[in-house]
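Below is one structure, written out as structure tokens; the observations come after it.
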Amino acid sequence: MNESALIHDAQRGDLEAFNRLVLAYQDALYNTALRILGDEDQAADATQEAFISAFRAINSYRGGSFKAWLLRTVTNACYDELRRQKRRPTTPLEPENNDDEEIESPRWLADFSMTPEEKLDAAELEHAIQHCLEALPTDFRAVVVLADVQGLDYAEIAAVVHTPLGTVKSRLARARLRLRECLQDFWELLPAAFRLESEAAP
Amino acid sequence: MTSPSFRDVEQLSALLDEQLHPQEAARLQERLNSDPELAAIYRQLSQARTLLRKLPARRAPRNFTLTPHMVGVKAPAPRSFTFFRLASAFASLLLLLTFVVNGLGQRIPTAPSAAPAYGMGGGPIAENMEAPAAPESRPQSGGGAGELPAPEATAAPATDAAVPTEETLRSMVAVPTETTQEQPAAKMGGEDDAADSTPHASTRPSFQVPAWLQLVLLGLAVLTGVAAWLVNRQAQANFTRRFRK
């Protein structure tokens, strides 16, 4: 895929070219939205909104990482959604069925390539991390998702969230500390494989 | 050895991400080796980062590709559409012009002969102008109503204006019949010149766009308009179908 050619065509109004970019980046945008919003449907809506906004504003793209530029649109869409949520009644964090009972294994946790044990481990881990992510302030959450889920560098994150590099650095450190504190409450619940002392001990 | 500050935590987080300057990184590594508290924080940050990175990547539940409808994009108009649209507009304009020309053609030739006739009190325009002036001329031409003294005649309708009596209504109805009867009389009374000039004006040749040409233009305007609409609709349908695949 020649990304710059596709971007150039999309800037001239070629929707097909833009759709090829959509297919290339939709997983990244959806995952970012899912981690920031914590809800599958809202994440899908935010992703769709982000792509629509991106197409309309594609002429404002002036080079650099296109992925970071797209992540900026999805982060903005997530912020909008979170602002809307503040004005509306809150929705439950846990997926629930029609009887308002928590679903043990929601559909989005299903992965048929895993053994039942692995599935359970992955589900517990995901559940714990998502819970702790949602406990973070929105700005911290966005930064830590962009850095640790999407793997952006500090400069890209700064461009995505419109904040100075120093602020990104500070938010990321605080977010990681808070996540660590929060995850300690789930430490016993976490599968043994994830009870790492350290990934990179000095 | 001092307790780590938040600045140290920031540096440790940046060290994890390899975002520190090599010199700063080397200095921090030295401190980490000698400071167990700092090393503990580093481990904690690293654990949090490791856990986040282990989050399973979700696949998008569906494709988020855009349709023309979503972004308000229309199919580029085909060349034939532009041609038909322009042809339709041109034919419509010409048709409009034929009406204007025909309208002017009817007025222009009659105007020069009618003007002197009006001044002499005759001609078709003079006849038209005569109708509103009839009530004024009515007393001169004779009749019962015209012989009433002026002050009384004007005062009586003013007082009875709100509730018209049977007499006033009858007189109002009678007025047009008097004037219509008077007109031939007025013409008879020495306006032969004007009467003579009227046939001249009507027989004088004036430019008229033939009706068949107007019909042809109308047909062209409609046909090319419909063709433009059809061509555009087909283009839009093809464009939309391409994105539904």
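Here, A, B, ... name the chains of the structure tokens in the order displayed, residue numbers run from 1 inside each chain, and ligands are numbered from 1 in the same displayed order.
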Using only C-alpha atoms, find which residues of chain A lie within 8 Å of chain B and jot them down as an MDAnalysis selection string.
chainID A and resid 15:16 19:20 22:23 26:27 30:31 44 47:48 51:52 55:56 122 125:126 129 148:149 153:154 169:170 172:174 176:177 179:180 183 194 196:202
What does the file look like for those residues with N, CA and C atoms, as a CSV table (one decimal), in the first residue's frame?
```csv
chain,number,residue,atom,x,y,z
A,15,LEU,N,-12.8,8.8,-2.6
A,15,LEU,CA,-13.3,8.1,-1.4
A,15,LEU,C,-12.8,6.7,-1.3
A,16,GLU,N,-12.6,6.1,-2.5
A,16,GLU,CA,-12.0,4.7,-2.5
A,16,GLU,C,-10.6,4.6,-1.9
A,19,ASN,N,-10.9,4.9,1.7
A,19,ASN,CA,-11.4,3.7,2.3
A,19,ASN,C,-10.3,2.6,2.5
A,20,ARG,N,-9.3,2.6,1.6
A,20,ARG,CA,-8.2,1.7,1.7
A,20,ARG,C,-7.4,2.1,3.0
A,22,VAL,N,-8.7,3.5,5.6
A,22,VAL,CA,-9.6,3.1,6.7
A,22,VAL,C,-9.4,1.6,7.0
A,23,LEU,N,-9.3,0.8,6.0
A,23,LEU,CA,-9.1,-0.6,6.3
A,23,LEU,C,-7.8,-0.9,6.9
A,26,GLN,N,-8.3,0.8,10.8
A,26,GLN,CA,-9.5,0.8,11.6
A,26,GLN,C,-9.3,0.0,12.9
A,27,ASP,N,-8.4,-1.0,12.9
A,27,ASP,CA,-8.2,-1.8,14.1
A,27,ASP,C,-7.5,-0.9,15.2
A,30,TYR,N,-10.0,1.7,16.4
A,30,TYR,CA,-11.1,1.0,17.3
A,30,TYR,C,-10.5,0.6,18.6
A,31,ASN,N,-9.3,0.1,18.6
A,31,ASN,CA,-8.7,-0.3,19.9
A,31,ASN,C,-8.5,0.9,20.8
A,44,ALA,N,-17.1,1.8,18.6
A,44,ALA,CA,-17.4,1.7,17.2
A,44,ALA,C,-18.0,3.0,16.6
A,47,THR,N,-15.2,5.5,16.4
A,47,THR,CA,-14.3,5.2,15.3
A,47,THR,C,-14.9,5.7,14.0
A,48,GLN,N,-16.2,5.4,13.8
A,48,GLN,CA,-16.8,5.8,12.6
A,48,GLN,C,-16.8,7.3,12.4
A,51,PHE,N,-13.4,8.6,11.4
A,51,PHE,CA,-13.1,8.4,10.0
A,51,PHE,C,-13.9,9.4,9.1
A,52,ILE,N,-15.1,9.7,9.5
A,52,ILE,CA,-15.9,10.7,8.8
A,52,ILE,C,-15.2,12.1,8.9
A,55,PHE,N,-12.0,12.2,6.9
A,55,PHE,CA,-12.1,12.4,5.4
A,55,PHE,C,-12.5,13.9,5.1
A,56,ARG,N,-13.3,14.4,6.0
A,56,ARG,CA,-13.7,15.8,5.7
A,56,ARG,C,-12.5,16.8,5.9
A,122,ALA,N,-7.0,-14.2,30.0
A,122,ALA,CA,-7.1,-13.0,29.2
A,122,ALA,C,-8.2,-12.1,29.6
A,125,LEU,N,-7.5,-10.4,33.0
A,125,LEU,CA,-6.5,-9.3,32.8
A,125,LEU,C,-7.1,-8.1,32.1
A,126,GLU,N,-7.9,-8.4,31.1
A,126,GLU,CA,-8.5,-7.3,30.3
A,126,GLU,C,-9.5,-6.6,31.2
A,129,ILE,N,-7.5,-4.4,33.8
A,129,ILE,CA,-6.8,-3.3,33.2
A,129,ILE,C,-7.8,-2.2,32.7
A,148,ASP,N,1.1,3.2,25.5
A,148,ASP,CA,1.4,1.8,25.8
A,148,ASP,C,0.5,0.8,25.0
A,149,VAL,N,-0.6,1.3,24.5
A,149,VAL,CA,-1.4,0.4,23.6
A,149,VAL,C,-1.1,0.6,22.2
A,153,ASP,N,5.3,7.5,20.1
A,153,ASP,CA,6.4,8.2,20.9
A,153,ASP,C,5.8,9.5,21.5
A,154,TYR,N,6.6,10.1,22.3
A,154,TYR,CA,6.1,11.3,23.1
A,154,TYR,C,5.7,12.4,22.2
A,169,LYS,N,4.9,13.7,29.2
A,169,LYS,CA,5.8,12.9,30.0
A,169,LYS,C,5.3,12.8,31.4
A,170,SER,N,4.8,13.9,32.0
A,170,SER,CA,4.3,13.9,33.3
A,170,SER,C,3.0,13.1,33.4
A,172,LEU,N,2.0,10.7,31.6
A,172,LEU,CA,2.3,9.2,31.4
A,172,LEU,C,2.8,8.6,32.7
A,173,ALA,N,3.8,9.3,33.3
A,173,ALA,CA,4.3,8.8,34.6
A,173,ALA,C,3.3,8.7,35.7
A,174,ARG,N,2.4,9.7,35.8
A,174,ARG,CA,1.3,9.7,36.8
A,174,ARG,C,0.4,8.5,36.5
A,176,ARG,N,0.9,5.8,34.8
A,176,ARG,CA,1.5,4.5,35.1
A,176,ARG,C,1.5,4.2,36.6
A,177,LEU,N,1.8,5.2,37.4
A,177,LEU,CA,1.8,5.0,38.8
A,177,LEU,C,0.4,4.6,39.3
A,179,LEU,N,-2.0,3.4,37.6
A,179,LEU,CA,-2.4,2.1,37.1
A,179,LEU,C,-1.8,1.0,38.0
A,180,ARG,N,-0.6,1.2,38.3
A,180,ARG,CA,0.1,0.2,39.1
A,180,ARG,C,-0.6,0.0,40.5
A,183,LEU,N,-4.0,-1.7,40.0
A,183,LEU,CA,-3.8,-3.1,39.6
A,183,LEU,C,-3.4,-4.0,40.8
A,194,PHE,N,0.9,-13.1,34.5
A,194,PHE,CA,1.0,-11.6,34.4
A,194,PHE,C,1.5,-11.0,35.7
A,196,LEU,N,4.2,-10.2,36.9
A,196,LEU,CA,5.6,-10.0,36.7
A,196,LEU,C,6.2,-9.0,37.7
A,197,GLU,N,7.3,-9.4,38.1
A,197,GLU,CA,8.0,-8.4,39.0
A,197,GLU,C,8.5,-7.2,38.2
A,198,SER,N,9.1,-7.6,37.1
A,198,SER,CA,9.6,-6.5,36.2
A,198,SER,C,9.9,-7.0,34.9
A,199,GLU,N,9.6,-6.2,33.9
A,199,GLU,CA,9.9,-6.6,32.5
A,199,GLU,C,11.4,-6.3,32.2
A,200,ALA,N,11.8,-5.2,32.8
A,200,ALA,CA,13.2,-4.8,32.6
A,200,ALA,C,13.9,-4.3,33.8
A,201,ALA,N,14.3,-5.2,34.6
A,201,ALA,CA,14.9,-4.8,35.9
A,201,ALA,C,16.3,-4.2,35.5
A,202,PRO,N,16.7,-3.1,36.2
A,202,PRO,CA,17.9,-2.5,35.8
A,202,PRO,C,19.1,-3.4,36.2
```
Please indicate the distance in Å from CA of Gln150 (chain A) to CA of Ala28 (chain A), rounded to one decimal place.
7.1 Å
Separating CA of Glu156 (chain A) from CA of Glu3 (chain A), to the nearest tenth of an Å, is a gap of 18.1 Å
So the first atom is CA of Val231 (chain B) and the second is CA of Leu215 (chain B); what is the distance between them in Å, to one decimal place?
23.9 Å
Exercise: region 94-102 of chain B partners within 7 Å, only C-alpha atoms, chain neighbours under 4 positions left out, as a PyMOL selection string:
chain B and resi 90+106+208-209+214+217-218
For N, CA and C atoms, I'd like the residues from the last selection saved as a compact mmCIF listing (two decimals), in the first residue's frame.
```
# COMPACT_ATOMS: atom_id res chain seq x y z
N PHE B 90 -29.89 26.62 -22.31
CA PHE B 90 -29.85 27.49 -23.49
C PHE B 90 -31.20 27.51 -24.21
N GLN B 106 -45.80 42.95 -30.19
CA GLN B 106 -47.21 43.36 -30.20
C GLN B 106 -47.35 44.82 -29.80
N GLN B 208 -43.05 38.49 -35.18
CA GLN B 208 -43.56 37.48 -34.26
C GLN B 208 -42.76 36.19 -34.45
N VAL B 209 -42.26 35.63 -33.34
CA VAL B 209 -41.58 34.33 -33.44
C VAL B 209 -42.66 33.29 -33.68
N GLN B 214 -41.25 28.06 -31.14
CA GLN B 214 -41.38 28.02 -29.68
C GLN B 214 -41.58 26.59 -29.18
N LEU B 217 -38.34 24.74 -29.33
CA LEU B 217 -37.47 25.14 -28.22
C LEU B 217 -37.94 24.51 -26.91
N LEU B 218 -39.25 24.51 -26.74
CA LEU B 218 -39.81 23.91 -25.52
C LEU B 218 -39.46 22.42 -25.47
```
